[in-house]
Amino acid sequence: MGLPKIIFNIATTGLGLLVADIQKTPGLVISGVTVATKITLGQSVQLFSLQDAADKGITAAENPFAYKHVKAFYDYAGNGAELWIMLVSDATTMENMADKTQAYAKKLLGDANGAIRVLGIIKKSLGSETVSAGLDADVDKAVIKAQALAEEAEANYFPIRVVISGNGFSGNPSELKDYKTTDFNKVSLLLSNTDGAQEASIGLALGRLASTPAQRNIGRVKDGPVENTAAYFTNGGTVQSLSSAWDTIHDKGYIILRNFAGRSGFYFSDDPTLTKANDDFRSLANGFVMDKALMIAYSSLIENLGDEVPVTDEGSIHPAIIKSWQNEVESQLDGLMVQRGELSNAKVYIDERQDVLTTGNMNVAIQLLPVGYAKYFTVNIGFTTQIN
């Protein structure tokens with residue numbers, strides 16, 4: 001013990017400080033080529049600027065396809081935004097990119113150590129693709145794999161949402177698969193771009209998502225247009241050429257670019273996921289909010305895993321412990337989400353009468369009240385002879 005002395009044990013959590021904020025950090029798996037001494041196919045790379053990308057061989061000369069999407073990302077999100085990227089060969093399908101059993105998206109997520117919250121999947125069209133249900137047949141296969149990948153990621157405490165390029169649109173909206181009859185609520189499909197290519201503007205979409213808070217709809221008009229000049233479908237036709245079919249395409253679950261009368265520029269239409277209308281996670285925004293709340297609760301509760309839990313004479317958990325745990329999670333949700341407008345309210349409840357001595361199990365109930373969205377306005381307007 002040494003000489004007699006006074007020892008101070010200084011608490012480190014008394015102020016109830018907030019944990020680090022959880023951002024929508026994006027990842028991108030995209031067609032490209034190896035550049036000697038700079039980047040190799042299948043390598044996970046962390047970027048913070050377009051110059052970072054250039055230093056790693058992602059330039060207009062060396063990797064033009066990947067460069068186009070990375071540039072679109074940084075043109076919108078700005079230097080300093082974090083982006084994880086992996087280049088894969090042109091022969092790699094989007095189905096394989098998203099497959100959790102293969103070392104593409106799965107490897108990128110692992111190499112990023114769970115930081116990625118939204119994943120973009122895009123393949124350069126080669127012109128020889130098979131069209132099915134109005135798109136490159138690879139697209140629907142990728143959707144299925146992406147959902148399975150996202151479900152596995154969530155089970156491992158790093159939830160993600162996936163945005164896939166709707167390559168090779170046939171130009172006929174009636175041929176498109178109706179994804180509002182499916183259950184792929186962690187996946188979205190983008191059907192538009194800004195240059196008339198056969199692939200969607202995934203880099204631009206990731207830039208928008210990375211620049212906005214968790215609850216923000218990608219189609220929020222107040223945030224301004226994402227493109228000033230022109231917008232297209234992935235068949236090369238302008239979005240205006242199918243303006244009469246926008247509702248049909250939207251109702252089948254696709255994200256497109258659109259414009260508004262009296263406003264310049266083009267906007268993302270909405271943020272639907274590929275699931276039914278009664279699914280709580282029919283929008284990307286709801287998904288990102290839940291993912292952030294999940295990770296905040298995880299970070300708050302993990303410190304108590306395996307800890308001793310004092311109990312009362314009746315064998316139930318001591319009320320003081322219950323209160324401290326509830327307050328910890330609630331304060332984090334309030335400070336990181338409610339006070340920032342990402343949630344309307346949050347409530348945590350732990351029943352103190354749980355038989356923790358016998359089962360070792362603790363049930364925690366968390367209620368999240370989301371924000372609402374003004375997506376539709378019905379205006380009754382007309383002349384009158386008298387104002388009431």
# chains A, B, ... in the order shown; residues from 1 in each chain; ligands from 1
>>> residues_around(residues="range 84-96 of chain A", least_positions_apart="2", cutoff="6 Å", atoms="only C-alpha atoms", output="list in words")
Gly27, Leu28, Val29, Ile30, Ser31, Gly32, Leu41, Gly42, Gln43, Ser44, Val45, Gln46, Ala98, Asp99, Lys141 and Ala142 of chain A
>>> select_by_dssp(residues="range 255-315 of chain A", states="strand (DSSP E)", output="number ranges by chain")
A: 255, 257-258, 267-268, 274-275
>>> closest_residue(among="A:Gly168, A:Gly110, A:Gly120, A:Gly127", to="Ala146 in chain A", atoms="only C-alpha atoms")
A:Gly120
>>> residues_around(residues="range 62-78 of chain A", least_positions_apart="2", cutoff="8 Å", atoms="only C-alpha atoms", output="PyMOL selection string")
chain A and resi 30-33+35+49-50+53+57-60+80-81+87+124+201-208+210-211+226
>>> closest_atom_pairs(of="range 167-196 of chain A", to="range 283-295 of chain A", cutoff="8 Å", atoms="only C-alpha atoms", output="JSON lines")
{"residue": "A:Asn185", "atom": "CA", "partner": "A:Ser283", "partner_atom": "CA", "distance": 7.9}
{"residue": "A:Lys186", "atom": "CA", "partner": "A:Gly287", "partner_atom": "CA", "distance": 7.3}
{"residue": "A:Ser188", "atom": "CA", "partner": "A:Leu284", "partner_atom": "CA", "distance": 7.7}
>>> write_last_selection(atoms="all heavy atoms", output="compact mmCIF listing (two decimals), in the first residue's frame")
# COMPACT_ATOMS: atom_id res chain seq x y z
N ASN A 185 -36.87 -3.27 -47.37
CA ASN A 185 -37.00 -1.95 -46.74
C ASN A 185 -35.68 -1.30 -46.35
O ASN A 185 -35.66 -0.22 -45.75
CB ASN A 185 -37.93 -2.01 -45.53
CG ASN A 185 -37.42 -2.91 -44.42
OD1 ASN A 185 -36.31 -3.44 -44.49
ND2 ASN A 185 -38.22 -3.10 -43.40
N LYS A 186 -34.57 -1.91 -46.69
CA LYS A 186 -33.26 -1.32 -46.44
C LYS A 186 -32.58 -0.90 -47.74
O LYS A 186 -31.40 -0.52 -47.73
CB LYS A 186 -32.37 -2.29 -45.67
CG LYS A 186 -32.91 -2.65 -44.28
CD LYS A 186 -31.98 -3.62 -43.57
CE LYS A 186 -32.55 -4.02 -42.21
NZ LYS A 186 -32.65 -2.89 -41.28
N SER A 188 -32.88 1.15 -51.69
CA SER A 188 -33.54 2.08 -52.60
C SER A 188 -32.92 1.97 -53.99
O SER A 188 -31.75 1.58 -54.13
CB SER A 188 -33.41 3.53 -52.10
OG SER A 188 -34.15 3.74 -50.93
>>> residues_around(residues="range 147-161 of chain A", least_positions_apart="4", cutoff="6 Å", atoms="only C-alpha atoms", output="list in words")
Lys100, Gly114, Arg117, Val118, Phe184, Lys186, Val187 and Asp291 of chain A
>>> write_last_selection(atoms="N, CA, C and O atoms", output="PDB file, in the first residue's frame")
ATOM      1  N   LYS A 100     -23.288 -10.804 -49.473  1.00  0.00           N
ATOM      2  CA  LYS A 100     -22.608 -10.856 -48.174  1.00  0.00           C
ATOM      3  C   LYS A 100     -21.613 -11.995 -48.071  1.00  0.00           C
ATOM      4  O   LYS A 100     -20.818 -12.052 -47.121  1.00  0.00           O
ATOM      5  N   GLY A 114     -17.367  -0.509 -39.330  1.00  0.00           N
ATOM      6  CA  GLY A 114     -18.734  -0.166 -38.946  1.00  0.00           C
ATOM      7  C   GLY A 114     -19.093   1.285 -39.099  1.00  0.00           C
ATOM      8  O   GLY A 114     -20.174   1.701 -38.679  1.00  0.00           O
ATOM      9  N   ARG A 117     -22.815   4.090 -43.032  1.00  0.00           N
ATOM     10  CA  ARG A 117     -24.254   4.029 -42.758  1.00  0.00           C
ATOM     11  C   ARG A 117     -25.090   3.956 -44.033  1.00  0.00           C
ATOM     12  O   ARG A 117     -26.228   3.527 -44.003  1.00  0.00           O
ATOM     13  N   VAL A 118     -24.546   4.410 -45.154  1.00  0.00           N
ATOM     14  CA  VAL A 118     -25.270   4.312 -46.420  1.00  0.00           C
ATOM     15  C   VAL A 118     -24.289   3.842 -47.483  1.00  0.00           C
ATOM     16  O   VAL A 118     -23.183   4.383 -47.613  1.00  0.00           O
ATOM     17  N   PHE A 184     -38.114  -5.164 -49.302  1.00  0.00           N
ATOM     18  CA  PHE A 184     -36.698  -4.767 -49.261  1.00  0.00           C
ATOM     19  C   PHE A 184     -36.588  -3.361 -48.669  1.00  0.00           C
ATOM     20  O   PHE A 184     -36.260  -2.400 -49.353  1.00  0.00           O
ATOM     21  N   LYS A 186     -34.565  -1.912 -46.687  1.00  0.00           N
ATOM     22  CA  LYS A 186     -33.260  -1.316 -46.438  1.00  0.00           C
ATOM     23  C   LYS A 186     -32.577  -0.895 -47.743  1.00  0.00           C
ATOM     24  O   LYS A 186     -31.399  -0.518 -47.732  1.00  0.00           O
ATOM     25  N   VAL A 187     -33.318  -0.971 -48.847  1.00  0.00           N
ATOM     26  CA  VAL A 187     -32.726  -0.734 -50.164  1.00  0.00           C
ATOM     27  C   VAL A 187     -33.564   0.269 -50.950  1.00  0.00           C
ATOM     28  O   VAL A 187     -34.793   0.238 -50.901  1.00  0.00           O
ATOM     29  N   ASP A 291     -31.648   3.748 -37.361  1.00  0.00           N
ATOM     30  CA  ASP A 291     -30.274   3.267 -37.264  1.00  0.00           C
ATOM     31  C   ASP A 291     -29.467   4.102 -36.267  1.00  0.00           C
ATOM     32  O   ASP A 291     -28.686   3.572 -35.475  1.00  0.00           O
TER      33      ASP A 291
END
>>> select_by_dssp(residues="range 75-220 of chain A", states="alpha helix (DSSP H)", output="ChimeraX atom specification")
/A:75-77,94-98,105-111,137-155,202-210
>>> closest_residue(among="A:Tyr254, A:Phe169, A:Tyr267, A:Trp246", to="Thr234 in chain A", atoms="only C-alpha atoms")
A:Phe169
>>> closest_atom_pairs(of="range 147-245 of chain A", to="range 335-345 of chain A", cutoff="12 Å", atoms="only C-alpha atoms", output="Markdown table")
| residue | atom | partner | partner_atom | distance |
| --- | --- | --- | --- | --- |
| A:Thr212 | CA | A:Glu342 | CA | 10.7 |
| A:Pro213 | CA | A:Glu342 | CA | 7.2 |
| A:Ala214 | CA | A:Glu342 | CA | 6.3 |
| A:Gln215 | CA | A:Glu342 | CA | 5.0 |
| A:Arg216 | CA | A:Glu342 | CA | 8.0 |
| A:Asn217 | CA | A:Glu342 | CA | 11.2 |
>>> write_last_selection(atoms="all heavy atoms", output="PDB file, in the first residue's frame")
ATOM      1  N   THR A 212     -26.798  15.913 -45.093  1.00  0.00           N
ATOM      2  CA  THR A 212     -28.040  16.254 -44.404  1.00  0.00           C
ATOM      3  C   THR A 212     -28.221  15.388 -43.162  1.00  0.00           C
ATOM      4  O   THR A 212     -27.671  14.288 -43.084  1.00  0.00           O
ATOM      5  CB  THR A 212     -29.254  16.064 -45.334  1.00  0.00           C
ATOM      6  OG1 THR A 212     -29.255  14.722 -45.849  1.00  0.00           O
ATOM      7  CG2 THR A 212     -29.204  17.040 -46.500  1.00  0.00           C
ATOM      8  N   PRO A 213     -28.994  15.864 -42.172  1.00  0.00           N
ATOM      9  CA  PRO A 213     -29.202  15.096 -40.942  1.00  0.00           C
ATOM     10  C   PRO A 213     -30.029  13.837 -41.179  1.00  0.00           C
ATOM     11  O   PRO A 213     -30.624  13.654 -42.246  1.00  0.00           O
ATOM     12  CB  PRO A 213     -29.935  16.079 -40.028  1.00  0.00           C
ATOM     13  CG  PRO A 213     -30.583  17.056 -40.953  1.00  0.00           C
ATOM     14  CD  PRO A 213     -29.665  17.178 -42.127  1.00  0.00           C
ATOM     15  N   ALA A 214     -30.059  12.979 -40.169  1.00  0.00           N
ATOM     16  CA  ALA A 214     -30.661  11.656 -40.319  1.00  0.00           C
ATOM     17  C   ALA A 214     -32.110  11.706 -40.787  1.00  0.00           C
ATOM     18  O   ALA A 214     -32.540  10.895 -41.606  1.00  0.00           O
ATOM     19  CB  ALA A 214     -30.569  10.902 -38.986  1.00  0.00           C
ATOM     20  N   GLN A 215     -32.885  12.671 -40.283  1.00  0.00           N
ATOM     21  CA  GLN A 215     -34.322  12.689 -40.568  1.00  0.00           C
ATOM     22  C   GLN A 215     -34.667  13.365 -41.890  1.00  0.00           C
ATOM     23  O   GLN A 215     -35.821  13.375 -42.307  1.00  0.00           O
ATOM     24  CB  GLN A 215     -35.072  13.406 -39.433  1.00  0.00           C
ATOM     25  CG  GLN A 215     -35.197  14.924 -39.565  1.00  0.00           C
ATOM     26  CD  GLN A 215     -33.909  15.700 -39.370  1.00  0.00           C
ATOM     27  OE1 GLN A 215     -32.891  15.109 -39.044  1.00  0.00           O
ATOM     28  NE2 GLN A 215     -33.947  16.998 -39.560  1.00  0.00           N
ATOM     29  N   ARG A 216     -33.668  13.911 -42.603  1.00  0.00           N
ATOM     30  CA  ARG A 216     -33.928  14.724 -43.777  1.00  0.00           C
ATOM     31  C   ARG A 216     -34.277  13.877 -45.006  1.00  0.00           C
ATOM     32  O   ARG A 216     -33.526  12.991 -45.390  1.00  0.00           O
ATOM     33  CB  ARG A 216     -32.709  15.603 -44.067  1.00  0.00           C
ATOM     34  CG  ARG A 216     -32.824  16.595 -45.227  1.00  0.00           C
ATOM     35  CD  ARG A 216     -33.889  17.637 -44.989  1.00  0.00           C
ATOM     36  NE  ARG A 216     -33.906  18.224 -43.672  1.00  0.00           N
ATOM     37  CZ  ARG A 216     -33.085  19.177 -43.254  1.00  0.00           C
ATOM     38  NH1 ARG A 216     -32.142  19.652 -44.043  1.00  0.00           N
ATOM     39  NH2 ARG A 216     -33.214  19.667 -42.030  1.00  0.00           N
ATOM     40  N   ASN A 217     -35.406  14.176 -45.620  1.00  0.00           N
ATOM     41  CA  ASN A 217     -35.798  13.530 -46.873  1.00  0.00           C
ATOM     42  C   ASN A 217     -34.893  14.030 -47.989  1.00  0.00           C
ATOM     43  O   ASN A 217     -34.674  15.235 -48.129  1.00  0.00           O
ATOM     44  CB  ASN A 217     -37.269  13.859 -47.173  1.00  0.00           C
ATOM     45  CG  ASN A 217     -37.808  13.112 -48.371  1.00  0.00           C
ATOM     46  OD1 ASN A 217     -37.245  13.122 -49.454  1.00  0.00           O
ATOM     47  ND2 ASN A 217     -38.946  12.449 -48.185  1.00  0.00           N
TER      48      ASN A 217
END
>>> atom_distance(atom1="CA of Asp183 in chain A", atom2="CA of Leu274 in chain A")
6.5 Å
>>> closest_residue(among="A:Asn167, A:Phe48, A:Ala36, A:Thr182", to="Ser128 in chain A", atoms="only C-alpha atoms")
A:Asn167
>>> decode(residues="range 30-44 of chain A", atoms="all heavy atoms", output="PDB file, in the first residue's frame")
ATOM      1  N   ILE A  30     -17.848   0.391 -56.776  1.00  0.00           N
ATOM      2  CA  ILE A  30     -18.013   0.917 -58.124  1.00  0.00           C
ATOM      3  C   ILE A  30     -16.988   0.315 -59.073  1.00  0.00           C
ATOM      4  O   ILE A  30     -15.886  -0.060 -58.659  1.00  0.00           O
ATOM      5  CB  ILE A  30     -17.898   2.465 -58.098  1.00  0.00           C
ATOM      6  CG1 ILE A  30     -18.240   3.082 -59.437  1.00  0.00           C
ATOM      7  CG2 ILE A  30     -16.515   2.897 -57.623  1.00  0.00           C
ATOM      8  CD1 ILE A  30     -18.371   4.601 -59.379  1.00  0.00           C
ATOM      9  N   SER A  31     -17.341   0.233 -60.342  1.00  0.00           N
ATOM     10  CA  SER A  31     -16.436  -0.297 -61.359  1.00  0.00           C
ATOM     11  C   SER A  31     -15.199   0.589 -61.499  1.00  0.00           C
ATOM     12  O   SER A  31     -15.285   1.820 -61.440  1.00  0.00           O
ATOM     13  CB  SER A  31     -17.151  -0.379 -62.710  1.00  0.00           C
ATOM     14  OG  SER A  31     -18.311  -1.170 -62.630  1.00  0.00           O
ATOM     15  N   GLY A  32     -14.045  -0.045 -61.701  1.00  0.00           N
ATOM     16  CA  GLY A  32     -12.803   0.704 -61.876  1.00  0.00           C
ATOM     17  C   GLY A  32     -11.680  -0.223 -62.285  1.00  0.00           C
ATOM     18  O   GLY A  32     -11.892  -1.394 -62.589  1.00  0.00           O
ATOM     19  N   VAL A  33     -10.462   0.319 -62.267  1.00  0.00           N
ATOM     20  CA  VAL A  33      -9.278  -0.466 -62.628  1.00  0.00           C
ATOM     21  C   VAL A  33      -8.173  -0.203 -61.625  1.00  0.00           C
ATOM     22  O   VAL A  33      -8.135   0.831 -60.953  1.00  0.00           O
ATOM     23  CB  VAL A  33      -8.773  -0.116 -64.049  1.00  0.00           C
ATOM     24  CG1 VAL A  33      -9.827  -0.453 -65.097  1.00  0.00           C
ATOM     25  CG2 VAL A  33      -8.364   1.356 -64.143  1.00  0.00           C
ATOM     26  N   THR A  34      -7.272  -1.159 -61.528  1.00  0.00           N
ATOM     27  CA  THR A  34      -6.088  -0.996 -60.699  1.00  0.00           C
ATOM     28  C   THR A  34      -5.168   0.064 -61.303  1.00  0.00           C
ATOM     29  O   THR A  34      -4.993   0.130 -62.521  1.00  0.00           O
ATOM     30  CB  THR A  34      -5.335  -2.332 -60.591  1.00  0.00           C
ATOM     31  OG1 THR A  34      -6.106  -3.245 -59.799  1.00  0.00           O
ATOM     32  CG2 THR A  34      -3.966  -2.148 -59.951  1.00  0.00           C
ATOM     33  N   VAL A  35      -4.584   0.895 -60.447  1.00  0.00           N
ATOM     34  CA  VAL A  35      -3.570   1.863 -60.862  1.00  0.00           C
ATOM     35  C   VAL A  35      -2.323   1.577 -60.034  1.00  0.00           C
ATOM     36  O   VAL A  35      -2.344   1.704 -58.810  1.00  0.00           O
ATOM     37  CB  VAL A  35      -4.038   3.317 -60.652  1.00  0.00           C
ATOM     38  CG1 VAL A  35      -2.936   4.290 -61.064  1.00  0.00           C
ATOM     39  CG2 VAL A  35      -5.313   3.595 -61.428  1.00  0.00           C
ATOM     40  N   ALA A  36      -1.265   1.165 -60.702  1.00  0.00           N
ATOM     41  CA  ALA A  36      -0.052   0.709 -60.028  1.00  0.00           C
ATOM     42  C   ALA A  36       0.441   1.713 -58.995  1.00  0.00           C
ATOM     43  O   ALA A  36       0.487   2.921 -59.251  1.00  0.00           O
ATOM     44  CB  ALA A  36       1.048   0.445 -61.052  1.00  0.00           C
ATOM     45  N   THR A  37       0.762   1.200 -57.819  1.00  0.00           N
ATOM     46  CA  THR A  37       1.303   1.930 -56.660  1.00  0.00           C
ATOM     47  C   THR A  37       0.289   2.862 -56.014  1.00  0.00           C
ATOM     48  O   THR A  37       0.606   3.553 -55.041  1.00  0.00           O
ATOM     49  CB  THR A  37       2.567   2.770 -57.012  1.00  0.00           C
ATOM     50  OG1 THR A  37       2.186   3.912 -57.786  1.00  0.00           O
ATOM     51  CG2 THR A  37       3.592   1.934 -57.769  1.00  0.00           C
ATOM     52  N   LYS A  38      -0.952   2.885 -56.539  1.00  0.00           N
ATOM     53  CA  LYS A  38      -1.951   3.813 -56.003  1.00  0.00           C
ATOM     54  C   LYS A  38      -3.181   3.098 -55.435  1.00  0.00           C
ATOM     55  O   LYS A  38      -3.580   3.343 -54.297  1.00  0.00           O
ATOM     56  CB  LYS A  38      -2.369   4.812 -57.076  1.00  0.00           C
ATOM     57  CG  LYS A  38      -1.255   5.756 -57.518  1.00  0.00           C
ATOM     58  CD  LYS A  38      -1.752   6.748 -58.542  1.00  0.00           C
ATOM     59  CE  LYS A  38      -0.649   7.714 -58.945  1.00  0.00           C
ATOM     60  NZ  LYS A  38      -1.114   8.702 -59.963  1.00  0.00           N
ATOM     61  N   ILE A  39      -3.800   2.246 -56.234  1.00  0.00           N
ATOM     62  CA  ILE A  39      -5.014   1.562 -55.780  1.00  0.00           C
ATOM     63  C   ILE A  39      -5.168   0.261 -56.542  1.00  0.00           C
ATOM     64  O   ILE A  39      -4.801   0.175 -57.728  1.00  0.00           O
ATOM     65  CB  ILE A  39      -6.269   2.448 -55.968  1.00  0.00           C
ATOM     66  CG1 ILE A  39      -7.465   1.868 -55.215  1.00  0.00           C
ATOM     67  CG2 ILE A  39      -6.585   2.662 -57.440  1.00  0.00           C
ATOM     68  CD1 ILE A  39      -8.662   2.811 -55.147  1.00  0.00           C
ATOM     69  N   THR A  40      -5.667  -0.754 -55.891  1.00  0.00           N
ATOM     70  CA  THR A  40      -5.910  -2.042 -56.529  1.00  0.00           C
ATOM     71  C   THR A  40      -7.376  -2.417 -56.397  1.00  0.00           C
ATOM     72  O   THR A  40      -8.067  -1.961 -55.475  1.00  0.00           O
ATOM     73  CB  THR A  40      -5.050  -3.155 -55.898  1.00  0.00           C
ATOM     74  OG1 THR A  40      -5.385  -3.263 -54.497  1.00  0.00           O
ATOM     75  CG2 THR A  40      -3.575  -2.856 -56.047  1.00  0.00           C
ATOM     76  N   LEU A  41      -7.843  -3.231 -57.310  1.00  0.00           N
ATOM     77  CA  LEU A  41      -9.222  -3.704 -57.245  1.00  0.00           C
ATOM     78  C   LEU A  41      -9.440  -4.471 -55.944  1.00  0.00           C
ATOM     79  O   LEU A  41      -8.589  -5.255 -55.524  1.00  0.00           O
ATOM     80  CB  LEU A  41      -9.536  -4.602 -58.436  1.00  0.00           C
ATOM     81  CG  LEU A  41      -9.481  -3.951 -59.818  1.00  0.00           C
ATOM     82  CD1 LEU A  41      -9.866  -4.967 -60.899  1.00  0.00           C
ATOM     83  CD2 LEU A  41     -10.402  -2.735 -59.892  1.00  0.00           C
ATOM     84  N   GLY A  42     -10.573  -4.222 -55.312  1.00  0.00           N
ATOM     85  CA  GLY A  42     -10.887  -4.910 -54.065  1.00  0.00           C
ATOM     86  C   GLY A  42     -10.293  -4.276 -52.828  1.00  0.00           C
ATOM     87  O   GLY A  42     -10.512  -4.766 -51.714  1.00  0.00           O
ATOM     88  N   GLN A  43      -9.583  -3.160 -52.990  1.00  0.00           N
ATOM     89  CA  GLN A  43      -8.976  -2.471 -51.848  1.00  0.00           C
ATOM     90  C   GLN A  43      -9.945  -1.441 -51.287  1.00  0.00           C
ATOM     91  O   GLN A  43     -10.555  -0.671 -52.026  1.00  0.00           O
ATOM     92  CB  GLN A  43      -7.683  -1.772 -52.292  1.00  0.00           C
ATOM     93  CG  GLN A  43      -6.997  -0.963 -51.212  1.00  0.00           C
ATOM     94  CD  GLN A  43      -5.801  -0.177 -51.741  1.00  0.00           C
ATOM     95  OE1 GLN A  43      -5.465  -0.265 -52.920  1.00  0.00           O
ATOM     96  NE2 GLN A  43      -5.165   0.583 -50.869  1.00  0.00           N
ATOM     97  N   SER A  44     -10.093  -1.419 -49.975  1.00  0.00           N
ATOM     98  CA  SER A  44     -10.932  -0.419 -49.315  1.00  0.00           C
ATOM     99  C   SER A  44     -10.109   0.831 -49.053  1.00  0.00           C
ATOM    100  O   SER A  44      -9.031   0.759 -48.463  1.00  0.00           O
ATOM    101  CB  SER A  44     -11.478  -0.959 -47.992  1.00  0.00           C
ATOM    102  OG  SER A  44     -12.262  -2.113 -48.207  1.00  0.00           O
TER     103      SER A  44
END
